[in-house]
Amino acid sequence: MNLLLLSNSTQHGRGYLEHALDTVTGFLPTGARLAFVPYALADHDAYTARVRGALSGAGIEVRGVHEGGDPLVRLGEADAVFVGGGNSFRLLSALYRTGMREALIKAVAGGLPYMGASAGTNMAAPSLRTTNDMPIVEPPSFEALGLVPFQINPHYLDPDPASTHKGETREERLREFLEENDVPVLGLREGSWLRVEGERAVLGGERDARLFRRGAEPRELAVGSDLSELLAVRGGFDIRS
């Protein structure tokens with residue numbers, strides 16, 4: 001596998017992908033034909049234009065998979081694929097509807113570099129169950145791409161001790177997930193990402209991450225941490241006891 005999984009595509013005070021641009025352009029070599037999957041947002045043309053504008057200076061050719069016919073043909077012509085952020089339920093539903101889900105699994109297993117951001121990073125996990133998004137549509141299944149065997153929670157937020165809001169914190173929600181499932185969850189804070197190359201996974205970016213495991217206290221992970229052990233996990237879903 002060759003993966004770049006970003007927590008977010010837009011960082012406060014910076015332009016689209018600007019906070020990770022050096023890493024992105026290192027992942028996508030000059031002249032690469034990048035298939036962009038815009039299904040997480042409603043306006044596919046505007047979304048594709050945004051990505052094209054962000055990467056044009058790096059000599060990367062961005063093609064929306066919705067442009068010019070069969071999206072599976074667009075994917076087959078690409079040197080790499082980028083699945084953008086937005087609503088994860090809408091994205092996964094569209095991947096099933098278009099046949100892109102199975103095509104992505106096969107292409108990435110065959111060596112196609114995969115970049116995801118936010119919802120696109122959620123897709124790399126086995127299941128949709130740890131997304132933060134509202135289920136605005138109902139996909140056929142919560143089963144995502146399973147490019148990695150553990151769950152990821154992009155945009156992970158730490159509890160604010162000064163907040164008067166009494167709703168669940170992100171940590172509480174992930175603990176609830178682990179009451180019903182035995183799958184590690186990597187909480188990626190804003191500005192962080194995971195780089196997977198073959199059997200090696202390394203945490204990158206500007207902020208540390210947080211790892212949740214069933215029956216254990218959450219663990220802080222520093223930028224640069226080797227997380228390759230997570231690629232070998234064999235978790236289970238719907239195993240409350």
# chains A, B, ... in the order shown; residues from 1 in each chain; ligands from 1
call {"tool": "residues_around", "arguments": {"residues": "Pro159 (chain A)", "least_positions_apart": "4", "cutoff": "10 Å", "atoms": "only C-alpha atoms", "output": "list in words"}}
result
Ser163, Glu168, Thr169, Arg170, Glu171 and Glu172 of chain A
call {"tool": "select_by_dssp", "arguments": {"residues": "region 37-159 of chain A", "states": "strand (DSSP E)", "output": "PyMOL selection string"}}
result
chain A and resi 37+61-64+80-83+114-117+151-154
call {"tool": "write_last_selection", "arguments": {"atoms": "C-alpha atoms", "output": "short mmCIF file (atom, residue, chain, number, x, y, z; two decimals), in the first residue's frame"}}
result
data_model
loop_
_atom_site.label_atom_id
_atom_site.label_comp_id
_atom_site.auth_asym_id
_atom_site.auth_seq_id
_atom_site.Cartn_x
_atom_site.Cartn_y
_atom_site.Cartn_z
CA VAL A 37 -12.98 11.84 -6.27
CA GLU A 61 -2.73 17.29 -13.60
CA VAL A 62 -6.03 16.97 -11.72
CA ARG A 63 -8.93 15.16 -13.39
CA GLY A 64 -12.29 14.75 -11.66
CA ALA A 80 -2.63 8.41 -8.24
CA VAL A 81 -6.04 9.07 -6.65
CA PHE A 82 -7.20 11.69 -4.17
CA VAL A 83 -10.48 11.19 -2.30
CA TYR A 114 -4.06 6.79 -2.54
CA MET A 115 -4.40 10.17 -0.85
CA GLY A 116 -7.35 10.95 1.39
CA ALA A 117 -8.37 13.94 3.45
CA GLN A 151 -10.12 2.85 12.37
CA ILE A 152 -9.21 6.54 11.98
CA ASN A 153 -10.95 9.56 13.46
CA PRO A 154 -9.92 12.66 11.46
#
call {"tool": "atom_distance", "arguments": {"atom1": "CA of Pro161 (chain A)", "atom2": "CA of Leu227 (chain A)"}}
result
29.1 Å
call {"tool": "residues_around", "arguments": {"residues": "Phe177 (chain A)", "least_positions_apart": "5", "cutoff": "9 Å", "atoms": "only C-alpha atoms", "output": "ChimeraX atom specification"}}
result
/A:129-130,172,182-183
call {"tool": "write_last_selection", "arguments": {"atoms": "N, CA and C atoms", "output": "PDB file, in the first residue's frame"}}
result
ATOM      1  N   ARG A 129     -17.775   3.693  10.957  1.00  0.00           N
ATOM      2  CA  ARG A 129     -18.331   3.840  12.301  1.00  0.00           C
ATOM      3  C   ARG A 129     -17.676   4.908  13.171  1.00  0.00           C
ATOM      4  N   THR A 130     -16.491   5.379  12.814  1.00  0.00           N
ATOM      5  CA  THR A 130     -15.840   6.391  13.648  1.00  0.00           C
ATOM      6  C   THR A 130     -15.771   7.755  12.979  1.00  0.00           C
ATOM      7  N   GLU A 172     -15.202  10.435  24.536  1.00  0.00           N
ATOM      8  CA  GLU A 172     -16.307   9.622  25.035  1.00  0.00           C
ATOM      9  C   GLU A 172     -16.951   8.819  23.908  1.00  0.00           C
ATOM     10  N   ASP A 182     -13.762  -4.154  18.845  1.00  0.00           N
ATOM     11  CA  ASP A 182     -12.374  -4.297  19.284  1.00  0.00           C
ATOM     12  C   ASP A 182     -11.443  -3.994  18.120  1.00  0.00           C
ATOM     13  N   VAL A 183     -11.381  -2.716  17.779  1.00  0.00           N
ATOM     14  CA  VAL A 183     -10.552  -2.236  16.674  1.00  0.00           C
ATOM     15  C   VAL A 183      -9.867  -0.956  17.129  1.00  0.00           C
TER      16      VAL A 183
END
call {"tool": "residues_around", "arguments": {"residues": "Phe237 (chain A)", "least_positions_apart": "6", "cutoff": "12 Å", "atoms": "only C-alpha atoms", "output": "count of residues only"}}
result
18
call {"tool": "residues_around", "arguments": {"residues": "Arg33 (chain A)", "least_positions_apart": "3", "cutoff": "12 Å", "atoms": "only C-alpha atoms", "output": "VMD selection string"}}
result
chain A and resid 28 to 30 36 52 55 to 56 58 to 65 74 to 82 112 to 113
call {"tool": "write_last_selection", "arguments": {"atoms": "N, CA, C and O atoms", "output": "short mmCIF file (atom, residue, chain, number, x, y, z; two decimals), in the first residue's frame"}}
result
data_model
loop_
_atom_site.label_atom_id
_atom_site.label_comp_id
_atom_site.auth_asym_id
_atom_site.auth_seq_id
_atom_site.Cartn_x
_atom_site.Cartn_y
_atom_site.Cartn_z
N LEU A 28 2.91 13.00 -4.65
CA LEU A 28 2.44 13.05 -6.04
C LEU A 28 3.52 13.69 -6.90
O LEU A 28 3.67 14.90 -6.91
N PRO A 29 4.28 12.93 -7.62
CA PRO A 29 5.40 13.49 -8.37
C PRO A 29 4.95 14.44 -9.47
O PRO A 29 3.82 14.37 -9.96
N THR A 30 5.83 15.35 -9.85
CA THR A 30 5.56 16.31 -10.93
C THR A 30 5.11 15.59 -12.19
O THR A 30 5.70 14.59 -12.60
N PHE A 36 -9.26 12.78 -9.08
CA PHE A 36 -9.86 13.34 -7.87
C PHE A 36 -11.30 12.84 -7.75
O PHE A 36 -12.09 12.92 -8.69
N ARG A 52 -7.64 21.46 -8.28
CA ARG A 52 -6.80 21.77 -9.44
C ARG A 52 -6.01 23.05 -9.19
O ARG A 52 -4.81 23.13 -9.50
N LEU A 55 -3.03 22.53 -6.74
CA LEU A 55 -1.92 21.67 -7.15
C LEU A 55 -1.33 22.04 -8.51
O LEU A 55 -0.32 21.46 -8.92
N SER A 56 -1.93 23.00 -9.19
CA SER A 56 -1.45 23.35 -10.53
C SER A 56 -0.01 23.84 -10.53
O SER A 56 0.76 23.55 -11.45
N ALA A 58 2.35 22.84 -8.82
CA ALA A 58 3.29 21.73 -8.63
C ALA A 58 3.36 20.84 -9.87
O ALA A 58 4.05 19.81 -9.85
N GLY A 59 2.67 21.23 -10.94
CA GLY A 59 2.72 20.46 -12.17
C GLY A 59 1.94 19.17 -12.12
O GLY A 59 2.24 18.23 -12.87
N ILE A 60 0.93 19.11 -11.26
CA ILE A 60 0.10 17.91 -11.13
C ILE A 60 -1.19 18.12 -11.92
O ILE A 60 -1.88 19.13 -11.75
N GLU A 61 -1.53 17.20 -12.78
CA GLU A 61 -2.73 17.29 -13.60
C GLU A 61 -3.90 16.65 -12.87
O GLU A 61 -3.90 15.44 -12.63
N VAL A 62 -4.88 17.45 -12.49
CA VAL A 62 -6.03 16.97 -11.72
C VAL A 62 -7.21 16.72 -12.66
O VAL A 62 -7.62 17.60 -13.41
N ARG A 63 -7.77 15.53 -12.60
CA ARG A 63 -8.93 15.16 -13.39
C ARG A 63 -10.01 14.65 -12.45
O ARG A 63 -9.79 13.66 -11.73
N GLY A 64 -11.18 15.27 -12.44
CA GLY A 64 -12.29 14.75 -11.66
C GLY A 64 -12.80 13.46 -12.27
O GLY A 64 -12.94 13.37 -13.49
N VAL A 65 -13.08 12.47 -11.43
CA VAL A 65 -13.55 11.20 -11.98
C VAL A 65 -14.94 11.33 -12.59
O VAL A 65 -15.37 10.46 -13.35
N ARG A 74 -11.63 6.97 -15.78
CA ARG A 74 -10.78 8.05 -15.28
C ARG A 74 -9.80 7.50 -14.25
O ARG A 74 -8.62 7.87 -14.23
N LEU A 75 -10.29 6.64 -13.37
CA LEU A 75 -9.42 6.06 -12.36
C LEU A 75 -8.33 5.21 -13.00
O LEU A 75 -7.16 5.28 -12.61
N GLY A 76 -8.70 4.45 -14.01
CA GLY A 76 -7.74 3.58 -14.67
C GLY A 76 -6.65 4.33 -15.41
O GLY A 76 -5.57 3.77 -15.65
N GLU A 77 -6.91 5.58 -15.78
CA GLU A 77 -5.92 6.39 -16.49
C GLU A 77 -4.96 7.12 -15.56
O GLU A 77 -3.99 7.73 -16.01
N ALA A 78 -5.22 7.06 -14.25
CA ALA A 78 -4.50 7.92 -13.29
C ALA A 78 -3.21 7.29 -12.79
O ALA A 78 -3.05 6.07 -12.76
N ASP A 79 -2.32 8.18 -12.35
CA ASP A 79 -1.09 7.77 -11.67
C ASP A 79 -1.27 7.73 -10.16
O ASP A 79 -0.43 7.16 -9.45
N ALA A 80 -2.32 8.37 -9.66
CA ALA A 80 -2.63 8.41 -8.24
C ALA A 80 -4.08 8.86 -8.09
O ALA A 80 -4.67 9.41 -9.04
N VAL A 81 -4.66 8.66 -6.90
CA VAL A 81 -6.04 9.07 -6.65
C VAL A 81 -6.10 9.86 -5.35
O VAL A 81 -5.38 9.57 -4.40
N PHE A 82 -6.96 10.87 -5.35
CA PHE A 82 -7.20 11.69 -4.17
C PHE A 82 -8.70 11.67 -3.91
O PHE A 82 -9.49 12.08 -4.76
N LEU A 112 -1.63 1.59 -6.89
CA LEU A 112 -2.00 2.98 -7.15
C LEU A 112 -1.90 3.79 -5.85
O LEU A 112 -2.52 3.43 -4.85
N PRO A 113 -1.12 4.88 -5.83
CA PRO A 113 -1.04 5.71 -4.63
C PRO A 113 -2.40 6.33 -4.30
O PRO A 113 -3.09 6.84 -5.18
#
call {"tool": "residues_around", "arguments": {"residues": "Arg219 (chain A)", "least_positions_apart": "6", "cutoff": "9 Å", "atoms": "only C-alpha atoms", "output": "list in words"}}
result
Ala209, Arg210, Leu211, Phe212 and Arg213 of chain A
call {"tool": "atom_distance", "arguments": {"atom1": "CA of Val196 (chain A)", "atom2": "CA of Gly26 (chain A)"}}
result
13.5 Å
call {"tool": "residues_around", "arguments": {"residues": "region 20-22 of chain A", "least_positions_apart": "4", "cutoff": "10 Å", "atoms": "only C-alpha atoms", "output": "PyMOL selection string"}}
result
chain A and resi 6+8-11+15-16+26-28+54-55+58+191-193+204-206
call {"tool": "atom_distance", "arguments": {"atom1": "CA of Leu231 (chain A)", "atom2": "CA of Asp158 (chain A)"}}
result
24.9 Å
call {"tool": "closest_residue", "arguments": {"among": "A:Leu17, A:Ala222, A:Leu95, A:Met123", "to": "Tyr39 (chain A)", "atoms": "only C-alpha atoms"}}
result
A:Leu95
call {"tool": "closest_residue", "arguments": {"among": "A:Glu102, A:Glu176, A:Asp226, A:Glu220", "to": "Arg200 (chain A)", "atoms": "only C-alpha atoms"}}
result
A:Asp226
call {"tool": "closest_residue", "arguments": {"among": "A:Glu67, A:Glu138, A:Glu197, A:Asp133", "to": "His155 (chain A)", "atoms": "only C-alpha atoms"}}
result
A:Asp133
call {"tool": "decode", "arguments": {"residues": "region 168-200 of chain A", "atoms": "N, CA, C and O atoms", "output": "short mmCIF file (atom, residue, chain, number, x, y, z; two decimals), in the first residue's frame"}}
result
data_model
loop_
_atom_site.label_atom_id
_atom_site.label_comp_id
_atom_site.auth_asym_id
_atom_site.auth_seq_id
_atom_site.Cartn_x
_atom_site.Cartn_y
_atom_site.Cartn_z
N GLU A 168 -21.41 14.90 24.53
CA GLU A 168 -20.28 13.98 24.56
C GLU A 168 -19.04 14.59 23.93
O GLU A 168 -19.12 15.30 22.93
N THR A 169 -17.90 14.30 24.51
CA THR A 169 -16.64 14.67 23.89
C THR A 169 -16.28 13.61 22.85
O THR A 169 -16.86 12.52 22.81
N ARG A 170 -15.32 13.93 22.00
CA ARG A 170 -14.87 12.96 21.00
C ARG A 170 -14.31 11.71 21.68
O ARG A 170 -14.55 10.59 21.23
N GLU A 171 -13.58 11.93 22.76
CA GLU A 171 -13.03 10.78 23.48
C GLU A 171 -14.14 9.87 23.99
O GLU A 171 -14.03 8.63 23.89
N GLU A 172 -15.20 10.44 24.54
CA GLU A 172 -16.31 9.62 25.04
C GLU A 172 -16.95 8.82 23.91
O GLU A 172 -17.31 7.65 24.08
N ARG A 173 -17.11 9.43 22.76
CA ARG A 173 -17.72 8.73 21.63
C ARG A 173 -16.85 7.56 21.17
O ARG A 173 -17.35 6.49 20.82
N LEU A 174 -15.54 7.76 21.15
CA LEU A 174 -14.65 6.69 20.72
C LEU A 174 -14.59 5.57 21.76
O LEU A 174 -14.47 4.38 21.41
N ARG A 175 -14.69 5.93 23.03
CA ARG A 175 -14.77 4.90 24.07
C ARG A 175 -16.05 4.07 23.90
O ARG A 175 -16.04 2.85 24.10
N GLU A 176 -17.14 4.72 23.54
CA GLU A 176 -18.38 4.00 23.29
C GLU A 176 -18.23 3.04 22.10
O GLU A 176 -18.73 1.91 22.14
N PHE A 177 -17.54 3.49 21.06
CA PHE A 177 -17.27 2.60 19.93
C PHE A 177 -16.54 1.35 20.39
O PHE A 177 -16.86 0.23 19.98
N LEU A 178 -15.56 1.53 21.28
CA LEU A 178 -14.75 0.40 21.73
C LEU A 178 -15.49 -0.49 22.71
O LEU A 178 -15.05 -1.63 22.97
N GLU A 179 -16.60 -0.05 23.25
CA GLU A 179 -17.44 -0.93 24.05
C GLU A 179 -18.12 -1.99 23.19
O GLU A 179 -18.45 -3.08 23.65
N GLU A 180 -18.31 -1.68 21.92
CA GLU A 180 -19.02 -2.57 21.00
C GLU A 180 -18.11 -3.24 19.98
O GLU A 180 -18.51 -4.19 19.31
N ASN A 181 -16.89 -2.73 19.85
CA ASN A 181 -15.96 -3.19 18.81
C ASN A 181 -14.55 -3.26 19.37
O ASN A 181 -14.19 -2.49 20.27
N ASP A 182 -13.76 -4.15 18.85
CA ASP A 182 -12.37 -4.30 19.28
C ASP A 182 -11.44 -3.99 18.12
O ASP A 182 -10.84 -4.88 17.52
N VAL A 183 -11.38 -2.72 17.78
CA VAL A 183 -10.55 -2.24 16.67
C VAL A 183 -9.87 -0.96 17.13
O VAL A 183 -10.55 -0.03 17.57
N PRO A 184 -8.54 -0.84 17.04
CA PRO A 184 -7.89 0.41 17.44
C PRO A 184 -8.39 1.59 16.61
O PRO A 184 -8.75 1.44 15.43
N VAL A 185 -8.40 2.77 17.24
CA VAL A 185 -8.82 3.99 16.56
C VAL A 185 -7.70 5.02 16.70
O VAL A 185 -7.30 5.36 17.82
N LEU A 186 -7.22 5.51 15.56
CA LEU A 186 -6.19 6.55 15.55
C LEU A 186 -6.86 7.90 15.41
O LEU A 186 -7.49 8.19 14.39
N GLY A 187 -6.78 8.73 16.46
CA GLY A 187 -7.34 10.06 16.42
C GLY A 187 -6.33 11.04 15.85
O GLY A 187 -5.31 11.34 16.50
N LEU A 188 -6.59 11.54 14.64
CA LEU A 188 -5.68 12.47 13.97
C LEU A 188 -6.14 13.90 14.23
O LEU A 188 -7.21 14.31 13.78
N ARG A 189 -5.36 14.65 14.96
CA ARG A 189 -5.67 16.05 15.19
C ARG A 189 -5.46 16.87 13.92
O ARG A 189 -4.80 16.42 12.98
N GLU A 190 -6.02 18.07 13.89
CA GLU A 190 -5.87 18.94 12.73
C GLU A 190 -4.38 19.17 12.44
O GLU A 190 -3.60 19.45 13.36
N GLY A 191 -4.01 19.06 11.18
CA GLY A 191 -2.63 19.29 10.79
C GLY A 191 -1.76 18.05 10.84
O GLY A 191 -0.56 18.13 10.57
N SER A 192 -2.35 16.90 11.15
CA SER A 192 -1.57 15.66 11.19
C SER A 192 -2.00 14.72 10.08
O SER A 192 -3.07 14.89 9.48
N TRP A 193 -1.16 13.74 9.81
CA TRP A 193 -1.47 12.76 8.77
C TRP A 193 -0.72 11.47 9.02
O TRP A 193 0.21 11.41 9.84
N LEU A 194 -1.13 10.44 8.32
CA LEU A 194 -0.48 9.14 8.40
C LEU A 194 0.07 8.78 7.03
O LEU A 194 -0.64 8.86 6.03
N ARG A 195 1.32 8.39 6.99
CA ARG A 195 1.98 7.98 5.74
C ARG A 195 2.23 6.48 5.82
O ARG A 195 2.88 5.99 6.75
N VAL A 196 1.69 5.74 4.87
CA VAL A 196 1.86 4.29 4.82
C VAL A 196 2.61 3.93 3.54
O VAL A 196 2.18 4.30 2.44
N GLU A 197 3.72 3.24 3.71
CA GLU A 197 4.49 2.74 2.57
C GLU A 197 4.80 1.27 2.81
O GLU A 197 5.61 0.95 3.68
N GLY A 198 4.12 0.42 2.07
CA GLY A 198 4.31 -1.00 2.27
C GLY A 198 3.88 -1.43 3.66
O GLY A 198 2.73 -1.24 4.05
N GLU A 199 4.80 -1.96 4.45
CA GLU A 199 4.49 -2.44 5.80
C GLU A 199 4.88 -1.42 6.87
O GLU A 199 4.92 -1.76 8.06
N ARG A 200 5.15 -0.18 6.46
CA ARG A 200 5.56 0.84 7.42
C ARG A 200 4.56 1.98 7.44
O ARG A 200 4.12 2.46 6.39
#
